Amino acid sequence: MWITFRHFMQTYVDDVRYGFRKYAPDMNNFEVRQGVDAQGAFTVQYPDEKLAMPERFRFVPFLVVEDYDHEERPGKDWCTSCGICAKVCPPQCIWIVRSNDPETGRPVPEPEAFFIDIDICMNCGFCAEFCPFDAIKMDHDYELASYDRTTNHIFDKEKLSKEFRYWKTIAPTRAIEEAEARGGWEHKDAQKAARRGGSARTSRTNQDTGRAEKREAVASREAVAEAPASATSAEDEKAKRREAALQRKAARAAKTETAESAPSEAEGQQPWNDSEDEKAKRREAALRRKAARAAKRADDSE
Amino acid sequence: MGVDVQQVVDHNGVQTDQLIVNMGPHHPSTHGVFRMVMELDGETITKLEPVMGYLHRNHEKIGERNTFLHNIPFTDRLDYLSSMGNNHGYVLAVEQLLALGARYDPPTYRAEVLRVLMVELNRIVNHLWALGFWLNDLGAFFTPVLYFTQERERILDLFEATAGSRMMCNYMRFGGVFADLPERIHSVSNLINDRVRDFDTMKFLTEMINERIPRTIDELDEYLTQNDIVLARSKGVGYISREDAIDYSTAGPVLRGSGVAYDVRRADPYSIYPELDFDVAVQQEGDMYSRYMVRLIELRESLRILKQLLPRLEYTKGEPVNENNAQYSSKVPIGEAYGRVENGKGELGFYVVSAGDKRAAANPWRYHVRAPSFINLTPLGLMCEGNKVADAVAILGSIDIVLGETDR
Ligand code: SF4
Ligand code: SF4
């Protein structure tokens, strides 16, 4: 009897302690109820409050594409259509169509179509784990309910593609680790191309940025690794990590500014959250830039 | 006139007919889709027959289509309350095949420690859930479950931060585990709150193991072990004798509740259990109460193991946890193996036969699961005979079944 009573009281002790803040319609009070110190029994009022996801949380995968304002390869798929993910998928819900160059007929390392039946996907994470190009990642967006599952639940390439930047946001530590393993933020192929050297200029800059970014990645990783050892309080550490992130962001911003085509979107806005036509606009802009660059290259060679 | 005096006397003056009642498959107290055919004499059960198979999903046949690796996430879906234990059993079986006849191929020490850590936490989750729902069946409606859930949620938070999912963990791999513990349990999120959960993993674990879970178990003990209603409802009910328990080849708390000290962790030690210090919980009575006591003692023993794991986790920090990470199509040498672990519900075994082309096979030729829920359920009729209808529900709860595993 006492135990029931104690739990009952604890539920209200928190209320008193926090001055009934948790009933205020302000989302910031959420931590009062779900934090470490919460004693009583509380429920998350789901559509209004949502639990945040840890970094490794896995839900249906998405395909990584290069940022739409990337200098060299805007919106390019990271996927090389190697087919490993389709092979390791236990319920076999990935369908890839490889693409061929329309002129030469040779295979191009880019999928023409990529489908995942998210009704079948068991969210096991194998595809993300075994993809050699870090091109498919597990998403955090779990709200997928729709009225028509026959059409809406087979995700095609367009629906699956998300910018690389998004991955860096939902899984900062993982992204850094992977960048280290790859040897830079860039895609493996881009690095290889840079090393081989297309034109001398781009290759040098590319390598430089690649190296700089690697150094930066290592440095920020150290910052992350160091933090728990040196910082005594969680606050400190968070601040440090935020700082590191800001530095990274600043570096990125600086880099994009030097590029000829300035990015049309304001930095800091969340590009994965905006509406369809904005996305389309961005994609269009990327394509335009690509075309312009191609034209320029043609000019140069002439 | 036509009254049979003897029959009236036998039934306390009330004449009753034999009545056959179908309970389930859609019945809230059967913990899933499970059917019991009861022959009643008034309120008393004279015969009970469990009918399984309503959740059959062809698990074993699918397992033979899958490659060895594919089966790991499928084992999560067997006993979905203790997926870590399921992973462990399957991985042990395949590692045994990979080890070419050796006992099994042990991964790095840290990987072993992590495996045992997860499995023991999972046992706590499982027992809290089992006891909670058993008390539910006894009429303590959802109050204990609610308090257990609070601790369970915290353990699941750890699973989520480490393995990526709360219940379908898919954590173990051949030769190690999926990933090390994260530095911090924190949420990066595109959602609303990111300040709520940010703990140092080791501190979180230490607090959980040293304070939170013991507190809950003490509460449970204090609250219910000497509770009159629990005693009245469970003492002497659902009896299964030591011999019958062995004959039906039951395992886990059902077997240990009948006085047989059989625990796979001791009988056939695997992983790092030989070096850990814990006792096998045994009770002699063979009734529901002794099964309850076995679970309660096991909760404490699990905590004892977890406490020994904490220093091991500290000094193995930084060791690799997975040896062959890039291997997505493991070719498994021909042979057969049986990997077994002590899961929360009893002995869980995976029998895997690898046979295919000449030297190695990509998928199992035969894949069989020895599911403790299924085997513990077979003597249900024996346990229920002579008890009342209301007890049947509680006896079923005291066996602790998960239909996902029973029917596969
Ligand atoms: S494994 Fe990665 S690169 Fe290969 S097809 Fe899948 S997503 Fe593309
Ligand atoms: S998460 Fe698992 S089931 Fe889903 S697409 Fe990837 S490999 Fe397939």
# chains A, B, ... in the order shown; residues from 1 in each chain; ligands from 1

$ select_by_dssp --residues "range 128-328 of chain B" --states "alpha helix (DSSP H)" --output "VMD selection string"
chain B and resid 128 to 138 143 to 163 201 to 207 213 to 220 228 to 234 242 to 247 253 to 256 264 to 267 288 to 315

$ select_by_dssp --residues "range 123-306 of chain B" --states "strand (DSSP E)" --output "list in words"
Met172, Arg173, Gly176, Val177, Arg184, Ile185, His186, Asp198, Phe199 and Asp200 of chain B

$ write_last_selection --atoms "C-alpha atoms" --output "CSV table (one decimal), in the first residue's frame"
chain,number,residue,atom,x,y,z
B,172,MET,CA,25.0,-9.4,-32.2
B,173,ARG,CA,27.1,-10.4,-35.2
B,176,GLY,CA,31.3,-9.7,-32.0
B,177,VAL,CA,28.5,-7.2,-31.7
B,184,ARG,CA,26.8,9.2,-24.3
B,185,ILE,CA,23.2,8.3,-24.4
B,186,HIS,CA,21.9,11.3,-26.0
B,198,ASP,CA,22.0,13.3,-22.4
B,199,PHE,CA,23.8,11.0,-20.0
B,200,ASP,CA,27.2,9.6,-19.8

$ residues_near_ligand --ligand "ligand 2" --cutoff "10 Å" --atoms "only C-alpha atoms and all ligand atoms" --output "PyMOL selection string"
(chain A and resi 58-62+84-95+115-131+136-139) or (chain B and resi 70+73)

$ interface_residues --of "chain A" --to "chain B" --cutoff "6 Å" --atoms "only C-alpha atoms" --output "JSON, numbers by chain"
{"A": [31, 35, 52, 53, 54, 55, 56, 57, 58, 90, 170]}

$ residues_around --residues "Glu319 in chain B" --least-positions-apart "4" --cutoff "12 Å" --atoms "only C-alpha atoms" --output "ChimeraX atom specification"
/B:107-114,176,179-181,312-315,323

$ write_last_selection --atoms "C-alpha atoms" --output "PDB file, in the first residue's frame"
ATOM      1  CA  PRO B 107      34.922 -12.908 -30.050  1.00  0.00           C
ATOM      2  CA  THR B 108      37.045 -10.336 -28.277  1.00  0.00           C
ATOM      3  CA  TYR B 109      36.703 -10.064 -24.545  1.00  0.00           C
ATOM      4  CA  ARG B 110      34.908  -6.763 -24.705  1.00  0.00           C
ATOM      5  CA  ALA B 111      32.406  -8.155 -27.149  1.00  0.00           C
ATOM      6  CA  GLU B 112      31.717 -10.987 -24.709  1.00  0.00           C
ATOM      7  CA  VAL B 113      31.263  -8.553 -21.858  1.00  0.00           C
ATOM      8  CA  LEU B 114      28.879  -6.472 -23.938  1.00  0.00           C
ATOM      9  CA  GLY B 176      31.286  -9.713 -32.041  1.00  0.00           C
ATOM     10  CA  ALA B 179      28.818  -1.543 -32.168  1.00  0.00           C
ATOM     11  CA  ASP B 180      30.375  -0.490 -28.928  1.00  0.00           C
ATOM     12  CA  LEU B 181      28.438   1.357 -26.270  1.00  0.00           C
ATOM     13  CA  ARG B 312      35.153  -5.269 -16.807  1.00  0.00           C
ATOM     14  CA  LEU B 313      33.531  -2.722 -19.058  1.00  0.00           C
ATOM     15  CA  GLU B 314      35.827  -0.053 -17.681  1.00  0.00           C
ATOM     16  CA  TYR B 315      39.074  -1.846 -18.247  1.00  0.00           C
ATOM     17  CA  GLU B 323      36.346  -8.768 -35.816  1.00  0.00           C
TER      18      GLU B 323
END

$ residues_around --residues "range 230-232 of chain B" --least-positions-apart "2" --cutoff "12 Å" --atoms "only C-alpha atoms" --output "PyMOL selection string"
chain B and resi 131+134-140+221+223-228+234-237+287-290+292-293+391+394

$ write_last_selection --atoms "N, CA, C and O atoms" --output "compact mmCIF listing (two decimals), in the first residue's frame"
# COMPACT_ATOMS: atom_id res chain seq x y z
N LEU B 131 6.58 -10.95 -14.47
CA LEU B 131 5.95 -10.81 -13.16
C LEU B 131 4.80 -9.81 -13.23
O LEU B 131 3.74 -10.02 -12.66
N TRP B 134 1.87 -11.38 -14.85
CA TRP B 134 1.31 -12.44 -14.00
C TRP B 134 0.48 -11.80 -12.89
O TRP B 134 -0.63 -12.24 -12.58
N LEU B 135 1.00 -10.74 -12.29
CA LEU B 135 0.24 -10.05 -11.25
C LEU B 135 -1.04 -9.44 -11.84
O LEU B 135 -2.08 -9.39 -11.18
N ASN B 136 -0.93 -9.02 -13.08
CA ASN B 136 -2.10 -8.55 -13.79
C ASN B 136 -3.18 -9.61 -13.83
O ASN B 136 -4.34 -9.36 -13.58
N ASP B 137 -2.74 -10.82 -14.16
CA ASP B 137 -3.68 -11.93 -14.24
C ASP B 137 -4.26 -12.26 -12.88
O ASP B 137 -5.38 -12.75 -12.78
N LEU B 138 -3.49 -11.98 -11.84
CA LEU B 138 -3.99 -12.24 -10.48
C LEU B 138 -4.91 -11.14 -10.02
O LEU B 138 -5.52 -11.23 -8.96
N GLY B 139 -4.97 -10.05 -10.75
CA GLY B 139 -5.90 -8.99 -10.38
C GLY B 139 -5.26 -7.71 -9.90
O GLY B 139 -5.95 -6.74 -9.63
N ALA B 140 -3.92 -7.68 -9.78
CA ALA B 140 -3.26 -6.43 -9.41
C ALA B 140 -3.16 -5.61 -10.68
O ALA B 140 -2.12 -5.54 -11.32
N ASP B 221 9.56 -6.76 -3.86
CA ASP B 221 9.68 -7.76 -2.82
C ASP B 221 8.82 -7.37 -1.60
O ASP B 221 8.01 -8.14 -1.11
N TYR B 223 6.45 -5.28 -1.41
CA TYR B 223 5.05 -5.07 -1.71
C TYR B 223 4.29 -6.38 -1.84
O TYR B 223 3.18 -6.54 -1.35
N LEU B 224 4.92 -7.35 -2.51
CA LEU B 224 4.14 -8.49 -2.96
C LEU B 224 4.52 -9.84 -2.40
O LEU B 224 3.69 -10.74 -2.35
N THR B 225 5.74 -10.02 -1.94
CA THR B 225 6.15 -11.37 -1.56
C THR B 225 5.31 -11.91 -0.41
O THR B 225 4.96 -13.08 -0.39
N GLN B 226 4.98 -11.06 0.53
CA GLN B 226 4.17 -11.52 1.66
C GLN B 226 2.72 -11.05 1.56
O GLN B 226 1.97 -11.11 2.53
N ASN B 227 2.35 -10.59 0.38
CA ASN B 227 0.98 -10.11 0.20
C ASN B 227 -0.01 -11.26 0.34
O ASN B 227 0.14 -12.32 -0.27
N ASP B 228 -1.05 -11.04 1.14
CA ASP B 228 -2.00 -12.12 1.43
C ASP B 228 -2.68 -12.66 0.18
O ASP B 228 -2.87 -13.85 0.02
N SER B 234 -1.63 -18.07 -5.10
CA SER B 234 -0.58 -18.77 -5.83
C SER B 234 0.02 -19.95 -5.09
O SER B 234 0.60 -20.82 -5.71
N LYS B 235 -0.12 -20.03 -3.78
CA LYS B 235 0.48 -21.16 -3.06
C LYS B 235 -0.28 -22.43 -3.40
O LYS B 235 -1.50 -22.50 -3.25
N GLY B 236 0.45 -23.43 -3.87
CA GLY B 236 -0.16 -24.72 -4.14
C GLY B 236 -0.97 -24.78 -5.42
O GLY B 236 -1.54 -25.81 -5.74
N VAL B 237 -1.05 -23.68 -6.14
CA VAL B 237 -1.80 -23.68 -7.39
C VAL B 237 -0.84 -23.85 -8.56
O VAL B 237 0.26 -23.33 -8.54
N ASP B 287 4.92 -24.75 -7.45
CA ASP B 287 3.66 -24.06 -7.72
C ASP B 287 3.94 -22.66 -8.26
O ASP B 287 5.09 -22.30 -8.51
N MET B 288 2.89 -21.88 -8.45
CA MET B 288 3.06 -20.55 -9.02
C MET B 288 3.94 -19.67 -8.15
O MET B 288 4.76 -18.90 -8.63
N TYR B 289 3.76 -19.84 -6.84
CA TYR B 289 4.52 -18.98 -5.93
C TYR B 289 6.01 -19.24 -6.05
O TYR B 289 6.82 -18.33 -6.03
N SER B 290 6.38 -20.51 -6.21
CA SER B 290 7.82 -20.77 -6.30
C SER B 290 8.37 -20.27 -7.63
O SER B 290 9.53 -19.87 -7.70
N TYR B 292 7.31 -17.57 -9.03
CA TYR B 292 7.46 -16.14 -8.74
C TYR B 292 8.76 -15.90 -7.98
O TYR B 292 9.53 -14.99 -8.31
N MET B 293 9.02 -16.73 -6.98
CA MET B 293 10.23 -16.56 -6.18
C MET B 293 11.49 -16.77 -7.03
O MET B 293 12.47 -16.05 -6.89
N ASP B 391 -7.99 -19.68 -12.19
CA ASP B 391 -6.57 -19.98 -11.97
C ASP B 391 -5.85 -20.29 -13.28
O ASP B 391 -4.66 -20.06 -13.39
N ALA B 394 -4.03 -17.39 -14.55
CA ALA B 394 -2.84 -17.05 -13.77
C ALA B 394 -1.74 -18.08 -13.98
O ALA B 394 -0.56 -17.73 -14.02

$ closest_residue --among "A:Trp185, A:Phe114, A:Tyr147, A:Tyr68" --to "ligand 1" --atoms "only C-alpha atoms and all ligand atoms"
A:Phe114

$ atom_distance --atom1 "CA of Arg266 in chain B" --atom2 "CA of Ser83 in chain B"
21.3 Å

$ closest_residue --among "B:Leu396, B:Met52, B:Leu117, B:Ile20" --to "Val254 in chain B" --atoms "only C-alpha atoms"
B:Leu396

$ closest_residue --among "B:Leu55, B:Ala371, B:Leu48, B:Leu403" --to "Met383 in chain B" --atoms "only C-alpha atoms"
B:Leu48
